[in-house]
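Data first, discussion second: the structure below is written as structure tokens.
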Amino acid sequence: MPAPGVIYSGDCVEVMRDWPDGIFDACITDPPYNMSRRKGLKWAFSSHVTMSELWDRFSNDDYFDFTRRWLAEVIRVVRPNGNILVFGSFHNIYVIGFILEHVLGRRILQQITWFKPNAQPNITGRLPTESTEYIIWACNNTPEHAAKWTFDYAESKAINGGKQLRNLWTFPCTPRSERSAGAHPSQKPAALLTRIVKLWTRPDDLILDCFLGTGTTAVAAKVLGRRWIGIEKDSAYGDIAARRIADAIE
């Protein structure tokens, strides 16, 4: 049985295979997007270089198989009707959605669109600025049996000034202050993960993040009184996450 509050090191599929069925209330995770290129593109007016990380580089067939394998383990270790929330961009979100719905038979309830008002301009100068990412929300059950999923509707209205919360959310990209312990190229802002954890889990729920990165999901869980378990393959990112989590105040 995995211990809450622990970062497990290794390949997430191999790690999860040793765990019992149905032990988590939710999985909130940010997998590789398969958007890296062998040579990151540079922009003449910025020091920014597009992603060229080896861990984010797959063939199309390998990425499909990788996504199917880790999602299958997530479905097994999350309890029936527990929430599964997965980040993605246009590079991978359609693959994730297809596998969740048509390969693994889960009910997809909704998609959240995250708008980034300060997104990096398009480097090629041939396309609109890519300024959105997405979060697929699935209930861990078949469409016929999905029921009683967790969503704090009252809190969602309170967040939005008493009006029904829409599924288009505006949050700036992760600020430098949240990268002070170390940087990750796809680190999400704490405010975004705090909202997700608050709305889709209950106090004392056990949350899995199987691609923990620098630990933003775990930080939000700790601050909000949820339990968490993380998996991170890269020890450098795991060390950053451990420092950030240790500094987080409940």
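Here, A, B, ... name the chains of the structure tokens in the order displayed, residue numbers run from 1 inside each chain, and ligands are numbered from 1 in the same displayed order.
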
Compile the contact shell of Ala26 in chain A as a ChimeraX atom specification: residues with an atom at most 7 Å away, counting only C-alpha atoms, same-chain residues fewer than 3 positions apart removed.
-> /A:78,82-84,206-208

For the selection you just gave me, I'd like the residues written to a file as a PDB file, in the first residue's frame, keeping all heavy atoms.
```
ATOM      1  N   VAL A  78      -7.700   4.296  -9.257  1.00  0.00           N
ATOM      2  CA  VAL A  78      -8.699   5.276  -8.806  1.00  0.00           C
ATOM      3  C   VAL A  78     -10.022   4.539  -8.572  1.00  0.00           C
ATOM      4  O   VAL A  78     -10.409   3.663  -9.354  1.00  0.00           O
ATOM      5  CB  VAL A  78      -8.880   6.401  -9.838  1.00  0.00           C
ATOM      6  CG1 VAL A  78     -10.049   7.311  -9.474  1.00  0.00           C
ATOM      7  CG2 VAL A  78      -7.589   7.229  -9.952  1.00  0.00           C
ATOM      8  N   GLY A  82     -14.502   7.901  -9.202  1.00  0.00           N
ATOM      9  CA  GLY A  82     -13.542   8.932  -8.847  1.00  0.00           C
ATOM     10  C   GLY A  82     -13.225   9.807 -10.050  1.00  0.00           C
ATOM     11  O   GLY A  82     -13.457   9.429 -11.214  1.00  0.00           O
ATOM     12  N   ASN A  83     -12.691  10.984  -9.802  1.00  0.00           N
ATOM     13  CA  ASN A  83     -12.385  11.931 -10.873  1.00  0.00           C
ATOM     14  C   ASN A  83     -11.010  11.681 -11.471  1.00  0.00           C
ATOM     15  O   ASN A  83     -10.051  11.372 -10.752  1.00  0.00           O
ATOM     16  CB  ASN A  83     -12.443  13.368 -10.350  1.00  0.00           C
ATOM     17  CG  ASN A  83     -13.861  13.857 -10.144  1.00  0.00           C
ATOM     18  OD1 ASN A  83     -14.755  13.510 -10.916  1.00  0.00           O
ATOM     19  ND2 ASN A  83     -14.071  14.675  -9.123  1.00  0.00           N
ATOM     20  N   ILE A  84     -10.914  11.846 -12.787  1.00  0.00           N
ATOM     21  CA  ILE A  84      -9.646  11.816 -13.503  1.00  0.00           C
ATOM     22  C   ILE A  84      -9.566  13.108 -14.296  1.00  0.00           C
ATOM     23  O   ILE A  84     -10.428  13.364 -15.158  1.00  0.00           O
ATOM     24  CB  ILE A  84      -9.547  10.596 -14.430  1.00  0.00           C
ATOM     25  CG1 ILE A  84      -9.631   9.302 -13.618  1.00  0.00           C
ATOM     26  CG2 ILE A  84      -8.259  10.635 -15.246  1.00  0.00           C
ATOM     27  CD1 ILE A  84      -9.731   8.047 -14.470  1.00  0.00           C
ATOM     28  N   LEU A 206      -7.652  11.303  -1.124  1.00  0.00           N
ATOM     29  CA  LEU A 206      -6.309  10.907  -1.542  1.00  0.00           C
ATOM     30  C   LEU A 206      -6.183  11.130  -3.042  1.00  0.00           C
ATOM     31  O   LEU A 206      -6.918  10.539  -3.835  1.00  0.00           O
ATOM     32  CB  LEU A 206      -6.039   9.440  -1.193  1.00  0.00           C
ATOM     33  CG  LEU A 206      -4.643   8.907  -1.531  1.00  0.00           C
ATOM     34  CD1 LEU A 206      -3.556   9.707  -0.804  1.00  0.00           C
ATOM     35  CD2 LEU A 206      -4.538   7.421  -1.181  1.00  0.00           C
ATOM     36  N   ILE A 207      -5.254  11.996  -3.422  1.00  0.00           N
ATOM     37  CA  ILE A 207      -5.066  12.416  -4.814  1.00  0.00           C
ATOM     38  C   ILE A 207      -3.777  11.815  -5.356  1.00  0.00           C
ATOM     39  O   ILE A 207      -2.724  11.854  -4.701  1.00  0.00           O
ATOM     40  CB  ILE A 207      -4.994  13.951  -4.914  1.00  0.00           C
ATOM     41  CG1 ILE A 207      -6.268  14.590  -4.356  1.00  0.00           C
ATOM     42  CG2 ILE A 207      -4.758  14.392  -6.356  1.00  0.00           C
ATOM     43  CD1 ILE A 207      -6.158  16.100  -4.181  1.00  0.00           C
ATOM     44  N   LEU A 208      -3.844  11.306  -6.572  1.00  0.00           N
ATOM     45  CA  LEU A 208      -2.668  10.812  -7.277  1.00  0.00           C
ATOM     46  C   LEU A 208      -2.257  11.809  -8.354  1.00  0.00           C
ATOM     47  O   LEU A 208      -3.096  12.292  -9.117  1.00  0.00           O
ATOM     48  CB  LEU A 208      -2.983   9.461  -7.947  1.00  0.00           C
ATOM     49  CG  LEU A 208      -1.953   8.940  -8.962  1.00  0.00           C
ATOM     50  CD1 LEU A 208      -0.627   8.620  -8.283  1.00  0.00           C
ATOM     51  CD2 LEU A 208      -2.498   7.730  -9.709  1.00  0.00           C
TER      52      LEU A 208
END
```

Backbone DSSP call of strand (DSSP E) for range 1-132 of chain A, listed as a count of residues only | 30

In terms of the shortest atom-to-atom distance over only C-alpha atoms, which of A:Leu192, A:Arg106, A:Trp228, A:Val15 is closest to His145 in chain A?
->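 Of A:Leu192, A:Arg106, A:Trp228, A:Val15, the one nearest His145 in chain A is A:Arg106, counting only C-alpha atoms.
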
Pick out the residues sitting within 7 Å of range 173-176 of chain A, and hand them over as number ranges by chain; count only C-alpha atoms, and ignore anything fewer than 4 positions along from it in its own chain.
-> A: 116, 118-119, 180, 187-189

Nearest to Arg68 in chain A: which of A:Ala248, A:Gly88, A:Glu101, A:Gly225 is it, counting only C-alpha atoms?
-> A:Glu101

Counting only C-alpha atoms, the residue of A:Ala183, A:Met16, A:Ile123, A:Ile159 that sits nearest Asp209 in chain A = A:Met16

Pairwise distance for CA of Ile28 in chain A and CA of Pro121 in chain A, rounded to one decimal in Å =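 Between CA of Ile28 in chain A and CA of Pro121 in chain A the gap is 27.9 Å.
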
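Interatomic distance, CA of Ala190 in chain A against CA of Ser131 in chain A: 17.9 Å.
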
Which residues come within 8 Å of Phe87 in chain A, counting only C-alpha atoms, excluding same-chain residues fewer than 3 positions away, as a ChimeraX atom specification?
-> /A:29-31,93,133-136

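DSSP secondary structure from the backbone places Tyr153, Ala154, Glu155, Ser156, Lys157, Ala158, Ile159, Ala190, Ala191, Leu192, Leu193, Thr194, Arg195, Ile196, Val197, Lys198, Leu199, Trp200, Thr216, Thr217, Ala218, Val219, Ala220, Ala221, Lys222 and Val223 of chain A of range 149-226 of chain A in alpha helix (DSSP H).
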
Output file for the selection above: N, CA, C and O atoms, as a tab-separated table (two decimals), in the first residue's frame:
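The result, stored in again_11.tsv:
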```
chain	number	residue	atom	x	y	z
A	153	TYR	N	-20.13	22.31	-6.56
A	153	TYR	CA	-20.85	23.30	-7.35
A	153	TYR	C	-21.02	24.62	-6.59
A	153	TYR	O	-20.86	25.71	-7.16
A	154	ALA	N	-21.32	24.53	-5.30
A	154	ALA	CA	-21.51	25.75	-4.50
A	154	ALA	C	-20.22	26.57	-4.46
A	154	ALA	O	-20.25	27.79	-4.60
A	155	GLU	N	-19.09	25.89	-4.28
A	155	GLU	CA	-17.81	26.60	-4.25
A	155	GLU	C	-17.49	27.19	-5.62
A	155	GLU	O	-16.93	28.28	-5.72
A	156	SER	N	-17.86	26.48	-6.68
A	156	SER	CA	-17.58	27.00	-8.03
A	156	SER	C	-18.35	28.30	-8.27
A	156	SER	O	-17.83	29.22	-8.91
A	157	LYS	N	-19.59	28.39	-7.75
A	157	LYS	CA	-20.34	29.64	-7.89
A	157	LYS	C	-19.75	30.75	-7.02
A	157	LYS	O	-19.69	31.90	-7.43
A	158	ALA	N	-19.29	30.37	-5.82
A	158	ALA	CA	-18.67	31.37	-4.94
A	158	ALA	C	-17.42	31.96	-5.58
A	158	ALA	O	-17.17	33.17	-5.48
A	159	ILE	N	-16.64	31.12	-6.24
A	159	ILE	CA	-15.44	31.59	-6.94
A	159	ILE	C	-15.80	32.61	-8.00
A	159	ILE	O	-15.05	33.56	-8.26
A	190	ALA	N	0.13	27.72	-9.59
A	190	ALA	CA	-0.48	27.21	-8.36
A	190	ALA	C	-1.96	27.57	-8.28
A	190	ALA	O	-2.78	26.77	-7.80
A	191	ALA	N	-2.33	28.75	-8.76
A	191	ALA	CA	-3.73	29.17	-8.68
A	191	ALA	C	-4.63	28.24	-9.49
A	191	ALA	O	-5.76	27.94	-9.08
A	192	LEU	N	-4.15	27.76	-10.62
A	192	LEU	CA	-4.93	26.85	-11.45
A	192	LEU	C	-5.13	25.50	-10.75
A	192	LEU	O	-6.25	24.98	-10.68
A	193	LEU	N	-4.06	24.94	-10.21
A	193	LEU	CA	-4.18	23.64	-9.52
A	193	LEU	C	-4.98	23.77	-8.24
A	193	LEU	O	-5.72	22.86	-7.85
A	194	THR	N	-4.86	24.90	-7.55
A	194	THR	CA	-5.64	25.11	-6.34
A	194	THR	C	-7.13	25.07	-6.65
A	194	THR	O	-7.91	24.45	-5.92
A	195	ARG	N	-7.54	25.71	-7.73
A	195	ARG	CA	-8.96	25.68	-8.10
A	195	ARG	C	-9.41	24.26	-8.44
A	195	ARG	O	-10.48	23.83	-8.01
A	196	ILE	N	-8.60	23.52	-9.17
A	196	ILE	CA	-8.97	22.16	-9.55
A	196	ILE	C	-9.11	21.27	-8.32
A	196	ILE	O	-10.10	20.54	-8.16
A	197	VAL	N	-8.11	21.31	-7.45
A	197	VAL	CA	-8.15	20.48	-6.24
A	197	VAL	C	-9.36	20.86	-5.38
A	197	VAL	O	-10.06	19.99	-4.84
A	198	LYS	N	-9.63	22.14	-5.26
A	198	LYS	CA	-10.74	22.61	-4.41
A	198	LYS	C	-12.09	22.14	-4.94
A	198	LYS	O	-12.97	21.75	-4.17
A	199	LEU	N	-12.27	22.14	-6.26
A	199	LEU	CA	-13.57	21.84	-6.83
A	199	LEU	C	-13.81	20.36	-7.07
A	199	LEU	O	-14.95	19.90	-6.98
A	200	TRP	N	-12.77	19.59	-7.34
A	200	TRP	CA	-12.95	18.21	-7.74
A	200	TRP	C	-12.55	17.18	-6.68
A	200	TRP	O	-12.58	15.98	-6.94
A	216	THR	N	3.29	20.83	-8.12
A	216	THR	CA	2.23	21.81	-7.89
A	216	THR	C	0.94	21.17	-7.40
A	216	THR	O	0.25	21.72	-6.53
A	217	THR	N	0.58	20.00	-7.94
A	217	THR	CA	-0.63	19.32	-7.47
A	217	THR	C	-0.51	18.98	-5.98
A	217	THR	O	-1.46	19.19	-5.20
A	218	ALA	N	0.64	18.47	-5.57
A	218	ALA	CA	0.84	18.10	-4.17
A	218	ALA	C	0.83	19.32	-3.27
A	218	ALA	O	0.30	19.28	-2.15
A	219	VAL	N	1.41	20.42	-3.72
A	219	VAL	CA	1.39	21.66	-2.94
A	219	VAL	C	-0.05	22.12	-2.71
A	219	VAL	O	-0.44	22.45	-1.59
A	220	ALA	N	-0.85	22.13	-3.79
A	220	ALA	CA	-2.25	22.53	-3.65
A	220	ALA	C	-3.01	21.59	-2.72
A	220	ALA	O	-3.81	22.03	-1.89
A	221	ALA	N	-2.74	20.29	-2.84
A	221	ALA	CA	-3.41	19.32	-1.98
A	221	ALA	C	-3.06	19.55	-0.51
A	221	ALA	O	-3.93	19.53	0.37
A	222	LYS	N	-1.79	19.77	-0.23
A	222	LYS	CA	-1.36	19.99	1.15
A	222	LYS	C	-2.01	21.24	1.73
A	222	LYS	O	-2.52	21.23	2.87
A	223	VAL	N	-2.00	22.32	0.97
A	223	VAL	CA	-2.57	23.59	1.45
A	223	VAL	C	-4.06	23.45	1.74
A	223	VAL	O	-4.58	24.03	2.71
```

Neighbours of range 162-170 of chain A within 8 Å (only C-alpha atoms; same-chain residues fewer than 6 positions away dropped), as a list of chain:residue names?
-> A:Gln111, A:Ile112, A:Thr113, A:Trp114, A:Phe115, A:Lys116, A:Pro117, A:Ser156

With distances taken over only C-alpha atoms, which of A:Glu130, A:Pro2, A:Asn34, A:Ala147 is nearest to Val95 in chain A?
-> A:Asn34
